[in-house]
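Colleague: My structure file structure_15.txt, compact mmCIF, C-alpha atoms, is below:
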# COMPACT_ATOMS: atom_id res chain seq x y z
CA MET A 1 25.18 -75.10 39.24
CA LYS A 2 25.20 -72.62 36.38
CA TRP A 3 26.87 -73.98 33.26
CA LEU A 4 26.69 -70.95 30.97
CA ASP A 5 26.27 -67.27 31.74
CA ASP A 6 23.57 -65.14 30.13
CA ASN A 7 25.90 -63.62 27.54
CA ALA A 8 27.02 -67.00 26.35
CA LEU A 9 23.42 -68.19 26.14
CA GLU A 10 22.45 -65.11 24.14
CA ARG A 11 25.32 -65.72 21.72
CA LEU A 12 24.30 -69.33 21.30
CA ARG A 13 20.70 -68.30 20.67
CA ALA A 14 21.77 -65.70 18.11
CA ALA A 15 24.01 -68.24 16.38
CA ALA A 16 21.17 -70.78 16.28
CA GLU A 17 18.84 -68.20 14.76
CA LEU A 18 21.32 -67.15 12.08
CA PRO A 19 19.70 -67.71 8.69
CA ASP A 20 21.22 -70.32 6.43
CA LEU A 21 22.36 -68.25 3.48
CA GLY A 22 24.43 -71.01 1.88
CA GLY A 23 23.98 -71.04 -1.88
CA THR A 24 22.38 -67.61 -1.91
CA ARG A 25 23.85 -64.30 -3.05
CA TYR A 26 23.91 -63.04 0.55
CA GLN A 27 26.38 -63.29 3.40
CA VAL A 28 25.53 -62.32 6.98
CA LEU A 29 27.55 -59.42 8.38
CA GLY A 30 25.66 -58.92 11.62
CA ARG A 31 22.28 -58.68 13.27
CA LEU A 32 20.57 -55.29 13.22
CA GLY A 33 17.61 -56.09 15.43
CA HIS A 34 14.78 -58.45 16.10
CA GLY A 35 11.07 -58.17 16.72
CA GLY A 36 8.09 -60.34 17.44
CA MET A 37 8.04 -61.92 14.00
CA GLY A 38 11.60 -62.01 12.83
CA SER A 39 15.10 -60.67 12.85
CA VAL A 40 16.81 -58.20 10.56
CA TYR A 41 20.41 -58.80 9.50
CA ARG A 42 22.97 -56.68 7.73
CA VAL A 43 24.02 -58.80 4.77
CA ALA A 44 26.38 -58.41 1.84
CA ASP A 45 24.82 -58.87 -1.60
CA GLY A 46 27.55 -60.69 -3.53
CA VAL A 47 25.97 -60.08 -6.95
CA LEU A 48 25.50 -56.33 -6.73
CA GLY A 49 28.37 -55.74 -4.29
CA ARG A 50 26.38 -53.78 -1.73
CA GLU A 51 25.07 -54.17 1.76
CA VAL A 52 21.35 -54.63 2.30
CA ALA A 53 19.08 -55.49 5.22
CA LEU A 54 17.58 -58.99 5.26
CA LYS A 55 14.47 -59.72 7.26
CA VAL A 56 13.76 -63.35 8.09
CA ILE A 57 11.50 -65.22 10.47
CA ALA A 58 13.46 -65.85 13.64
CA PHE A 59 12.05 -69.18 14.68
CA PRO A 60 10.49 -72.33 13.19
CA ASP A 61 7.05 -71.46 11.85
CA ARG A 62 5.06 -74.69 11.88
CA ASP A 63 1.74 -73.43 10.54
CA GLY A 64 3.30 -70.98 8.07
CA GLY A 65 1.37 -68.01 9.47
CA PHE A 66 4.43 -65.87 10.03
CA ALA A 67 5.85 -66.80 6.63
CA ASP A 68 2.64 -65.67 4.96
CA ARG A 69 2.71 -62.46 6.93
CA LEU A 70 6.31 -61.74 5.95
CA VAL A 71 5.54 -62.37 2.29
CA ARG A 72 2.53 -60.05 2.48
CA GLU A 73 4.62 -57.39 4.18
CA ALA A 74 7.20 -57.64 1.39
CA ARG A 75 4.47 -57.41 -1.26
CA ILE A 76 2.90 -54.39 0.36
CA LEU A 77 6.28 -52.68 0.64
CA ALA A 78 7.13 -53.56 -2.95
CA GLN A 79 4.02 -51.75 -4.15
CA LEU A 80 4.45 -48.71 -1.95
CA GLU A 81 7.16 -46.96 -3.93
CA HIS A 82 7.84 -43.75 -2.05
CA PRO A 83 11.08 -42.03 -0.95
CA GLY A 84 9.85 -42.26 2.64
CA ILE A 85 9.17 -46.00 2.56
CA VAL A 86 12.07 -48.41 2.66
CA PRO A 87 12.26 -50.22 -0.71
CA VAL A 88 12.24 -54.00 -1.04
CA HIS A 89 14.90 -55.51 -3.30
CA ASP A 90 14.28 -59.23 -3.19
CA ALA A 91 12.16 -61.91 -1.52
CA GLY A 92 12.25 -65.67 -1.36
CA THR A 93 12.87 -68.77 0.73
CA LEU A 94 16.21 -69.65 2.30
CA PRO A 95 17.74 -73.15 2.13
CA ASP A 96 16.60 -73.68 5.76
CA GLY A 97 13.01 -73.12 4.63
CA ARG A 98 12.55 -69.72 6.19
CA VAL A 99 10.96 -66.92 4.19
CA PHE A 100 12.98 -63.72 3.83
CA TYR A 101 13.05 -60.44 2.01
CA THR A 102 15.82 -57.90 1.53
CA MET A 103 15.45 -54.17 1.63
CA LYS A 104 17.54 -51.03 1.53
CA LEU A 105 19.99 -50.82 4.42
CA VAL A 106 19.28 -47.53 6.16
CA ASN A 107 22.39 -46.09 7.78
CA GLY A 108 20.64 -43.59 9.96
CA GLN A 109 19.30 -42.89 13.39
CA ARG A 110 15.98 -43.60 14.99
CA ILE A 111 13.91 -40.46 14.98
CA ASP A 112 13.82 -40.19 18.78
CA GLU A 113 17.63 -40.23 18.80
CA HIS A 114 17.87 -37.84 15.87
CA VAL A 115 15.61 -35.19 17.42
CA GLN A 116 17.97 -34.88 20.39
CA ARG A 117 20.23 -32.94 18.01
CA LEU A 118 17.46 -30.61 16.89
CA ALA A 119 17.08 -27.60 19.13
CA ALA A 120 14.38 -25.64 17.32
CA LEU A 121 10.73 -26.59 17.63
CA ASN A 122 10.10 -25.75 13.97
CA GLU A 123 12.85 -28.14 12.86
CA LYS A 124 11.13 -30.94 14.74
CA LEU A 125 7.82 -30.05 13.14
CA ARG A 126 9.32 -30.06 9.66
CA LEU A 127 10.72 -33.51 10.44
CA PHE A 128 7.27 -34.59 11.57
CA GLN A 129 5.82 -33.35 8.27
CA ARG A 130 8.21 -35.68 6.48
CA ILE A 131 6.88 -38.60 8.55
CA CYS A 132 3.35 -37.73 7.48
CA GLU A 133 4.21 -37.90 3.76
CA PRO A 134 4.86 -41.66 3.42
CA VAL A 135 2.01 -42.47 5.81
CA ALA A 136 -0.36 -40.35 3.73
CA PHE A 137 0.96 -42.07 0.61
CA ALA A 138 0.32 -45.51 2.12
CA HIS A 139 -3.19 -44.47 3.17
CA ALA A 140 -3.86 -43.21 -0.35
CA HIS A 141 -3.02 -46.75 -1.50
CA GLY A 142 -5.30 -48.28 1.12
CA VAL A 143 -2.57 -49.40 3.52
CA LEU A 144 -2.52 -48.81 7.29
CA HIS A 145 0.80 -49.12 9.08
CA ARG A 146 -0.67 -49.92 12.53
CA ASP A 147 2.67 -49.77 14.34
CA LEU A 148 3.91 -46.20 13.91
CA LYS A 149 6.34 -45.34 16.70
CA PRO A 150 9.76 -43.67 16.94
CA GLN A 151 11.50 -47.06 16.83
CA ASN A 152 10.07 -47.62 13.35
CA ILE A 153 11.07 -44.28 11.88
CA MET A 154 14.63 -43.71 10.71
CA VAL A 155 16.33 -40.53 9.61
CA GLY A 156 19.02 -41.11 7.00
CA PRO A 157 22.35 -39.32 6.66
CA PHE A 158 20.85 -36.68 4.36
CA GLY A 159 17.88 -36.01 6.60
CA GLU A 160 15.58 -38.33 4.66
CA VAL A 161 12.84 -39.90 6.75
CA LEU A 162 12.02 -43.56 6.24
CA VAL A 163 9.07 -45.38 7.77
CA MET A 164 10.13 -48.93 8.54
CA ASP A 165 8.64 -52.20 9.76
CA TRP A 166 5.36 -52.65 7.96
CA GLY A 167 4.97 -56.06 9.56
CA LEU A 168 1.62 -55.15 11.11
CA SER A 169 0.35 -53.24 8.10
CA LYS A 170 -3.14 -53.88 6.85
CA VAL A 171 -4.76 -53.26 3.50
CA ILE A 172 -8.13 -51.65 3.99
CA ALA A 173 -10.97 -52.11 1.56
CA ASP A 174 -11.06 -48.80 -0.31
CA ASP A 175 -8.23 -47.90 -2.69
CA ALA A 176 -6.58 -51.20 -1.79
CA LEU A 177 -3.48 -52.54 -3.46
CA ALA A 178 -3.96 -55.64 -5.55
CA ILE A 179 -2.37 -58.03 -3.08
CA PRO A 180 -4.00 -61.36 -2.31
CA ASN A 181 -4.69 -61.79 1.42
CA ALA A 182 -2.87 -58.52 1.91
CA ASP A 183 -3.66 -58.08 5.56
CA SER A 184 -0.58 -58.83 7.63
CA ALA A 185 -3.04 -59.88 10.28
CA SER A 186 -6.39 -61.08 9.08
CA PRO A 187 -9.46 -58.89 9.60
CA GLY A 188 -11.00 -59.52 12.97
CA GLU A 189 -7.76 -60.90 14.32
CA SER A 190 -6.97 -58.81 17.34
CA THR A 191 -4.16 -60.92 18.63
CA THR A 192 -1.36 -62.84 17.08
CA GLY A 193 -1.20 -66.58 17.26
CA HIS A 194 0.91 -66.09 20.37
CA GLY A 195 -1.74 -64.02 22.19
CA ALA A 196 -0.15 -60.59 21.91
CA VAL A 197 -2.16 -57.50 20.94
CA LEU A 198 -0.98 -56.03 17.64
CA GLY A 199 0.66 -52.70 18.09
CA THR A 200 2.69 -50.86 20.71
CA PRO A 201 1.18 -49.51 23.95
CA GLY A 202 1.42 -45.75 24.10
CA TYR A 203 1.29 -45.48 20.31
CA MET A 204 -1.64 -47.67 19.31
CA SER A 205 -5.08 -46.15 19.19
CA PRO A 206 -7.71 -47.09 21.80
CA GLU A 207 -9.71 -49.01 19.18
CA GLN A 208 -6.56 -50.92 18.19
CA ALA A 209 -5.85 -51.68 21.86
CA ARG A 210 -9.42 -52.98 22.20
CA GLY A 211 -8.67 -55.42 19.39
CA GLU A 212 -11.10 -53.93 16.88
CA ALA A 213 -8.79 -54.84 14.02
CA ALA A 214 -11.57 -55.28 11.49
CA THR A 215 -12.83 -51.73 11.85
CA LEU A 216 -9.52 -49.90 12.03
CA ASP A 217 -9.07 -47.10 9.56
CA ARG A 218 -6.53 -44.37 8.80
CA ARG A 219 -7.52 -42.49 11.96
CA SER A 220 -5.81 -45.23 13.95
CA ASP A 221 -2.47 -44.30 12.34
CA ILE A 222 -3.32 -40.63 12.98
CA PHE A 223 -3.52 -41.45 16.68
CA SER A 224 -0.03 -42.99 16.49
CA LEU A 225 1.26 -39.93 14.63
CA GLY A 226 -0.21 -37.78 17.40
CA ALA A 227 1.66 -39.83 20.00
CA ILE A 228 4.88 -39.35 18.01
CA LEU A 229 4.20 -35.61 17.71
CA LYS A 230 3.55 -35.37 21.44
CA GLY A 231 6.85 -37.18 22.08
CA LEU A 232 8.68 -34.68 19.87
CA LEU A 233 7.08 -31.77 21.72
CA ASP A 234 7.83 -33.20 25.17
CA ASP A 235 11.54 -32.74 24.56
CA VAL A 236 11.19 -29.05 23.69
CA GLU A 237 12.35 -26.67 26.41
CA VAL A 238 10.24 -23.68 25.35
CA PRO A 239 6.52 -23.56 26.25
CA ILE A 240 4.49 -25.32 23.56
CA PRO A 241 2.03 -22.96 21.85
CA ARG A 242 -1.62 -23.74 22.51
CA ARG A 243 -2.35 -24.20 18.79
CA LEU A 244 0.32 -26.87 18.55
CA ARG A 245 -0.89 -28.67 21.65
CA ALA A 246 -4.37 -28.62 20.11
CA ILE A 247 -3.05 -30.37 16.99
CA ALA A 248 -1.50 -33.17 19.07
CA SER A 249 -4.63 -33.44 21.23
CA LYS A 250 -6.87 -33.70 18.17
CA CYS A 251 -4.80 -36.65 16.92
CA LEU A 252 -5.01 -38.30 20.33
CA GLU A 253 -8.77 -38.04 20.81
CA SER A 254 -10.07 -41.35 22.14
CA ASP A 255 -13.15 -40.91 19.96
CA ARG A 256 -11.76 -41.34 16.46
CA THR A 257 -14.52 -39.24 14.91
CA GLN A 258 -12.95 -36.26 16.70
CA ARG A 259 -9.51 -36.87 15.14
CA TYR A 260 -8.30 -35.61 11.79
CA ASN A 261 -9.94 -37.42 8.92
CA SER A 262 -6.70 -37.83 7.01
CA VAL A 263 -2.96 -37.48 7.43
CA GLU A 264 -3.03 -34.76 4.77
CA GLU A 265 -5.35 -32.76 7.03
CA LEU A 266 -2.94 -33.21 9.94
CA ALA A 267 0.08 -32.28 7.80
CA GLN A 268 -1.79 -29.22 6.54
CA ASP A 269 -2.45 -28.09 10.09
CA ILE A 270 1.26 -28.46 10.90
CA ALA A 271 2.10 -26.47 7.75
CA ASN A 272 -0.44 -23.82 8.73
CA TYR A 273 1.07 -23.62 12.20
CA LEU A 274 4.55 -23.18 10.73
CA ASP A 275 3.25 -20.46 8.40
CA GLY A 276 1.51 -18.65 11.24
CA LEU A 277 -1.93 -19.44 9.84
CA GLN A 278 -5.04 -20.67 11.59
CA VAL A 279 -5.10 -24.38 12.41
CA LYS A 280 -8.18 -26.57 12.20
CA ALA A 281 -7.55 -28.03 15.65
CA HIS A 282 -7.81 -24.66 17.35
CA PRO A 283 -10.63 -22.40 16.05
CA GLU A 284 -9.98 -18.71 16.73
CA GLY A 285 -12.08 -15.57 16.99
CA PRO A 286 -11.25 -12.37 15.08
CA VAL A 287 -9.23 -10.91 17.99
CA ALA A 288 -7.07 -14.03 18.33
CA ARG A 289 -6.59 -14.09 14.56
CA LEU A 290 -5.53 -10.43 14.55
CA GLY A 291 -3.13 -11.11 17.42
CA ARG A 292 -1.58 -14.04 15.56
CA TRP A 293 -1.24 -11.93 12.39
CA MET A 294 0.47 -9.19 14.40
CA VAL A 295 2.87 -11.66 16.02
CA LYS A 296 3.68 -13.15 12.61
CA ASN A 297 4.34 -9.71 11.11
CA GLN A 298 5.77 -8.06 14.20
CA ALA A 299 9.08 -6.98 12.64
CA TRP A 300 7.26 -5.45 9.68
CA LEU A 301 4.73 -3.71 11.94
CA LEU A 302 7.40 -2.44 14.34
CA LEU A 303 9.36 -0.84 11.49
CA ILE A 304 6.28 0.89 10.09
CA LEU A 305 5.24 1.96 13.59
CA ALA A 306 8.74 3.33 14.26
CA TYR A 307 8.60 5.30 11.02
CA LEU A 308 5.15 6.76 11.80
CA VAL A 309 6.05 7.63 15.43
CA MET A 310 9.27 9.25 14.38
CA ARG A 311 7.60 11.21 11.56
CA THR A 312 4.82 12.38 13.88
CA LEU A 313 7.34 13.51 16.49
CA PHE A 314 9.27 15.51 13.88
CA ILE A 315 6.09 17.14 12.60
CA VAL A 316 4.93 18.07 16.10
CA TRP A 317 8.41 19.34 17.02
CA LYS A 318 8.77 21.45 13.89
CA ASN A 319 5.27 22.96 14.13
CA ARG A 320 5.12 23.76 17.82
CA MET B 1 8.16 -10.80 -8.26
CA ASN B 2 11.94 -10.89 -7.91
CA LYS B 3 13.66 -9.13 -5.02
CA VAL B 4 15.19 -6.32 -7.13
CA TRP B 5 11.81 -5.36 -8.58
CA LEU B 6 10.23 -5.68 -5.13
CA GLY B 7 12.91 -3.38 -3.64
CA LEU B 8 12.37 -0.91 -6.48
CA LEU B 9 8.60 -0.91 -5.96
CA ILE B 10 8.64 -0.60 -2.17
CA GLY B 11 11.56 1.85 -2.19
CA GLY B 12 9.80 4.02 -4.75
CA ALA B 13 6.44 3.89 -2.96
CA LEU B 14 7.94 4.70 0.44
CA GLY B 15 10.02 7.44 -1.20
CA VAL B 16 6.84 9.08 -2.50
CA VAL B 17 5.12 8.80 0.90
CA ASP B 18 8.22 10.02 2.72
CA GLY B 19 8.51 13.00 0.36
CA LEU B 20 4.85 13.87 0.80
CA THR B 21 5.32 14.25 4.55
CA ALA B 22 7.17 17.50 3.70
CA TRP B 23 3.66 18.97 3.33
CA PHE B 24 3.47 19.01 7.13
CA TYR B 25 6.46 21.38 7.29
CA PRO B 26 5.25 24.85 6.28
CA ALA B 27 8.83 26.06 5.80
CA VAL B 28 9.46 23.68 2.87
CA ARG B 29 5.88 23.21 1.62
CA SER B 30 6.59 25.36 -1.41
CA GLN B 31 9.29 22.90 -2.50
CA LEU B 32 7.03 19.86 -2.11
CA LEU B 33 7.27 18.66 -5.74
CA GLY B 34 11.06 18.77 -5.78
CA ILE B 35 11.20 16.99 -2.42
CA VAL B 36 8.83 14.23 -3.58
CA ILE B 37 10.81 13.69 -6.81
CA GLY B 38 14.12 13.64 -4.93
CA SER B 39 12.76 11.34 -2.24
CA THR B 40 11.31 8.98 -4.84
CA ILE B 41 14.59 8.76 -6.74
CA LYS B 42 16.39 8.14 -3.44
CA GLY B 43 13.87 5.37 -2.61
CA LEU B 44 14.28 3.77 -6.03
CA ILE B 45 18.07 3.71 -5.79
CA ALA B 46 17.93 2.34 -2.24
CA GLY B 47 15.34 -0.27 -3.33
CA VAL B 48 17.48 -1.57 -6.19
CA LEU B 49 20.61 -1.77 -4.03
CA ILE B 50 18.82 -3.45 -1.13
CA GLY B 51 16.93 -5.80 -3.45
CA TYR B 52 20.17 -6.82 -5.17
CA PHE B 53 21.75 -7.43 -1.75
CA ALA B 54 18.77 -9.62 -0.78
CA ARG B 55 19.33 -11.76 -3.88
CA LYS B 56 22.91 -12.39 -2.83
CA VAL B 57 22.60 -12.64 0.95
CA LYS B 58 19.85 -14.59 2.67
CA SER B 59 19.75 -13.12 6.15
CA LEU B 60 16.97 -11.06 7.67
CA ALA B 61 19.31 -9.34 10.13
CA LEU B 62 21.93 -8.50 7.49
CA GLY B 63 19.20 -7.36 5.09
CA ILE B 64 17.81 -4.92 7.66
CA ILE B 65 21.29 -3.65 8.61
CA PHE B 66 22.22 -3.20 4.94
CA GLY B 67 18.92 -1.38 4.35
CA LEU B 68 19.65 0.91 7.29
CA GLY B 69 23.13 1.66 5.96
CA VAL B 70 21.99 2.39 2.41
CA GLY B 71 19.02 4.46 3.66
CA LEU B 72 21.25 6.53 5.94
CA LEU B 73 23.91 7.02 3.27
CA LEU B 74 21.52 8.19 0.57
CA ALA B 75 19.60 10.34 3.05
CA TYR B 76 22.89 11.92 4.14
CA ALA B 77 23.66 12.79 0.52
CA VAL B 78 20.27 14.57 0.31
CA ALA B 79 20.52 16.20 3.75
CA ALA B 80 24.00 17.52 2.95
CA MET B 81 22.36 19.80 0.37
CA PRO B 82 21.14 22.91 2.26
CA ASP B 83 17.73 24.49 1.67
CA PRO B 84 17.53 28.06 0.21
CA SER B 85 17.96 29.53 3.68
CA GLY B 86 21.17 27.52 4.08
CA LYS B 87 19.76 25.15 6.70
CA HIS B 88 20.46 21.42 6.78
CA TYR B 89 17.84 18.89 7.91
CA TYR B 90 20.06 15.97 8.85
CA PHE B 91 17.81 14.41 11.50
CA GLU B 92 14.56 15.04 9.64
CA ILE B 93 15.87 13.39 6.49
CA MET B 94 18.35 10.78 7.70
CA ILE B 95 16.30 9.10 10.43
CA PRO B 96 13.25 8.48 8.20
CA GLY B 97 15.61 7.52 5.35
CA GLY B 98 17.27 4.94 7.60
CA ILE B 99 13.95 3.45 8.72
CA VAL B 100 12.66 3.34 5.15
CA GLY B 101 15.85 1.45 4.23
CA MET B 102 15.20 -1.01 7.06
CA ILE B 103 11.62 -1.57 5.87
CA VAL B 104 12.83 -2.24 2.32
CA GLY B 105 15.58 -4.51 3.72
CA TYR B 106 13.02 -6.48 5.71
CA ALA B 107 10.57 -6.76 2.81
CA THR B 108 13.16 -7.91 0.28
CA GLN B 109 14.47 -10.58 2.61
CA ARG B 110 11.04 -11.82 3.59
CA PHE B 111 9.28 -11.65 0.25
CA GLY B 112 10.08 -11.88 -3.45
CA THR B 113 11.85 -14.54 -5.45
CA GLY B 114 15.62 -14.83 -5.49
CA VAL B 115 16.07 -15.11 -9.25
CA LEU B 116 15.57 -12.48 -11.92
CA GLN B 117 12.70 -13.48 -14.18
CA THR B 118 13.48 -12.93 -17.83
CA ARG B 119 9.92 -12.95 -19.05
Could you express the structure from this file as structure tokens?
Modeller:
Amino acid sequence: MKWLDDNALERLRAAAELPDLGGTRYQVLGRLGHGGMGSVYRVADGVLGREVALKVIAFPDRDGGFADRLVREARILAQLEHPGIVPVHDAGTLPDGRVFYTMKLVNGQRIDEHVQRLAALNEKLRLFQRICEPVAFAHAHGVLHRDLKPQNIMVGPFGEVLVMDWGLSKVIADDALAIPNADSASPGESTTGHGAVLGTPGYMSPEQARGEAATLDRRSDIFSLGAILKGLLDDVEVPIPRRLRAIASKCLESDRTQRYNSVEELAQDIANYLDGLQVKAHPEGPVARLGRWMVKNQAWLLLILAYLVMRTLFIVWKNR
Amino acid sequence: MNKVWLGLLIGGALGVVDGLTAWFYPAVRSQLLGIVIGSTIKGLIAGVLIGYFARKVKSLALGIIFGLGVGLLLAYAVAAMPDPSGKHYYFEIMIPGGIVGMIVGYATQRFGTGVLQTR
């Protein structure tokens, strides 16, 4: 005999997971989502009179591993001050003992939903460039995201792009932020305590999927960016130019030494493509370069050609 | 370079080149200097007008259409003046004038800055 249906069970589970915000400045307004480590709630900040997002561990954390990871994530985010990275407002421990942090509430759309409204290929590429900026910034500060995917990228109401969910982020040795134990998952740890590989299939690099967490570098995020770029291009109805396909393929090389060395390099290739310039991913000979220059300047060339043809015809006609 | 100066420069340069093509017409070769000066002035006026339009309106298509209109209009004003034998050269002057206007319209929309630089 079935006592409760699935909906009722889900409601009970959600109610049981609700964070105890008694005595704090926050009041729960609703749940925004949940992941492997915790849940994110829309909460009202009673002191500042605004709504923010509150991330909290979703279940009892006996060994404190998830709590440490959430604190590290908050610390990493707090130090990565960039318009494309969601800012952290507050962090602490709730009366029920769970660790939390609050961040800006992004009232936007996931990038894969947002791009449905964009018809032009170039618009999608300009959006992609804006994803590269915060990732490049994080890399410059020695932080890898390690879970870049459309679900973690939001586009705000003014077209601003925000990279979210740095729960799997890792501080790499060079240019590292000054955060103690700043790896959200310790070096060498390829799986979580629950046995799951860190990352998302389809977006994580082959080396990340093999569990080589200790040796991951920025080229792993470049692979994920390539998967996102490929996803953006898949929705385009026009044939994708070979140079653009080459850019995505270079990001998605299984051998990381064949990928771009940095996100700046990738972003530069996208910018070069948009400007009709040569891209690093697709070397060209002089004929191909001339052809591309002519396509880029075709209106200009056609007008000059029309003028010359017309002038020649008049001269021939008048002097015959 | 701002769009008005760019229009002036390209309009003037194309005006000179367009005027020099009169050398290929033996019937008017003797009036080459006057034709070049007139064509240059026409190009400069067209360049300023088209460049000013480009500062106000950001549209490649409208820029080219406006350039065509200005080029044709100014070329018509020149072509309406007959040569010493009383002949008019409407086609020979207006069609190149229109295309030159389109080239200037294209260039001022595509290149140049939108604001006048004071220094």
Colleague: Please report as a list in words which residues of chain B come no farther than 8 Å from chain A, using all atoms listed in the file.
Modeller: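 Result: Thr21, Phe24, Tyr25, Glu92, Pro96, Ile99, Val100, Met102, Ile103, Tyr106 and Ala107 of chain B.
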Colleague: Could you check how far CA of Val48 (chain B) sits from CA of Met294 (chain A), in Å to one decimal?
Modeller: 27.8 Å
Colleague: If I take CA of Val106 (chain A) and CA of Val171 (chain A), how far is one from the other in Å, to one decimal?
Modeller: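 Distance reported for this atom pair: 24.9 Å.
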Colleague: Select, from A:Leu48, A:Leu70, A:Ala120, A:Leu29, the residue with the minimum atom-to-atom distance to Ile240 (chain A), counting only C-alpha atoms.
Modeller: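 Using only C-alpha atoms, the shortest distance to Ile240 (chain A) belongs to A:Ala120.
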Colleague: Between CA of Trp317 (chain A) and CA of Ile93 (chain B), measure the distance and give it in Å to one decimal.
Modeller: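 CA of Trp317 (chain A) sits 14.2 Å away from CA of Ile93 (chain B).
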Colleague: Quick one: residues within 9 Å of Phe53 (chain B), all atoms listed in the file counted, chain neighbours fewer than 3 positions away excluded, as a ChimeraX atom specification?
Modeller: /B:3-4,48-50,56-58,63,66,105,108
Colleague: Using only C-alpha atoms, which protein or nucleic acid residues come within 12 Å of Lys124 (chain A)? Drop anything in the same chain fewer than 3 positions from it, and give the result as an NGL selection string.
Modeller: :A and (111-112 or 114-121 or 127-131 or 159 or 228-236 or 270 or 274)
Colleague: Could you pull the residues within 8 Å of Asn261 (chain A), counting only C-alpha atoms, minus those fewer than 4 positions along the same chain, as a PyMOL selection string?
Modeller: chain A and resi 218-219+257+265
Colleague: Could you check which residues have any atom within 12 Å of (23.4, 13.3, -0.4), counting all atoms listed in the file with coordinates taken straight from the file, and then list them as an mmCIF file with C-alpha atoms, in the coordinates of the input?
Modeller:
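Wrote it out as out.cif, contents follow:
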data_model
loop_
_atom_site.group_PDB
_atom_site.id
_atom_site.type_symbol
_atom_site.label_atom_id
_atom_site.label_comp_id
_atom_site.auth_asym_id
_atom_site.auth_seq_id
_atom_site.Cartn_x
_atom_site.Cartn_y
_atom_site.Cartn_z
ATOM 1 C CA GLY B 38 14.120 13.640 -4.930
ATOM 2 C CA SER B 39 12.760 11.340 -2.240
ATOM 3 C CA ILE B 41 14.590 8.760 -6.740
ATOM 4 C CA LYS B 42 16.390 8.140 -3.440
ATOM 5 C CA VAL B 70 21.990 2.390 2.410
ATOM 6 C CA GLY B 71 19.020 4.460 3.660
ATOM 7 C CA LEU B 72 21.250 6.530 5.940
ATOM 8 C CA LEU B 73 23.910 7.020 3.270
ATOM 9 C CA LEU B 74 21.520 8.190 0.570
ATOM 10 C CA ALA B 75 19.600 10.340 3.050
ATOM 11 C CA TYR B 76 22.890 11.920 4.140
ATOM 12 C CA ALA B 77 23.660 12.790 0.520
ATOM 13 C CA VAL B 78 20.270 14.570 0.310
ATOM 14 C CA ALA B 79 20.520 16.200 3.750
ATOM 15 C CA ALA B 80 24.000 17.520 2.950
ATOM 16 C CA MET B 81 22.360 19.800 0.370
ATOM 17 C CA PRO B 82 21.140 22.910 2.260
ATOM 18 C CA HIS B 88 20.460 21.420 6.780
ATOM 19 C CA TYR B 89 17.840 18.890 7.910
ATOM 20 C CA TYR B 90 20.060 15.970 8.850
ATOM 21 C CA ILE B 93 15.870 13.390 6.490
ATOM 22 C CA MET B 94 18.350 10.780 7.700
ATOM 23 C CA GLY B 97 15.610 7.520 5.350
#
Colleague: Using only C-alpha atoms, which residue out of B:Val17, B:Gly51, B:Pro84, B:Ile65 lies closest to Val36 (chain B)?
Modeller: B:Val17
Colleague: Which one is closest to Glu160 (chain A): A:Val279, A:Ile222, A:Ile85, A:Ala53? Count only C-alpha atoms.
Modeller: A:Ile85
Colleague: Please provide as a list in words all residues within 10 Å of Ala267 (chain A), with the sequence filter that same-chain residues fewer than 2 positions apart are discarded (counting only C-alpha atoms).
Modeller: Leu125, Arg126, Phe128, Gln129, Arg130, Ile131, Cys132, Glu133, Ala136, Ile247, Tyr260, Ser262, Val263, Glu264, Glu265, Asp269, Ile270, Ala271, Asn272 and Tyr273 of chain A
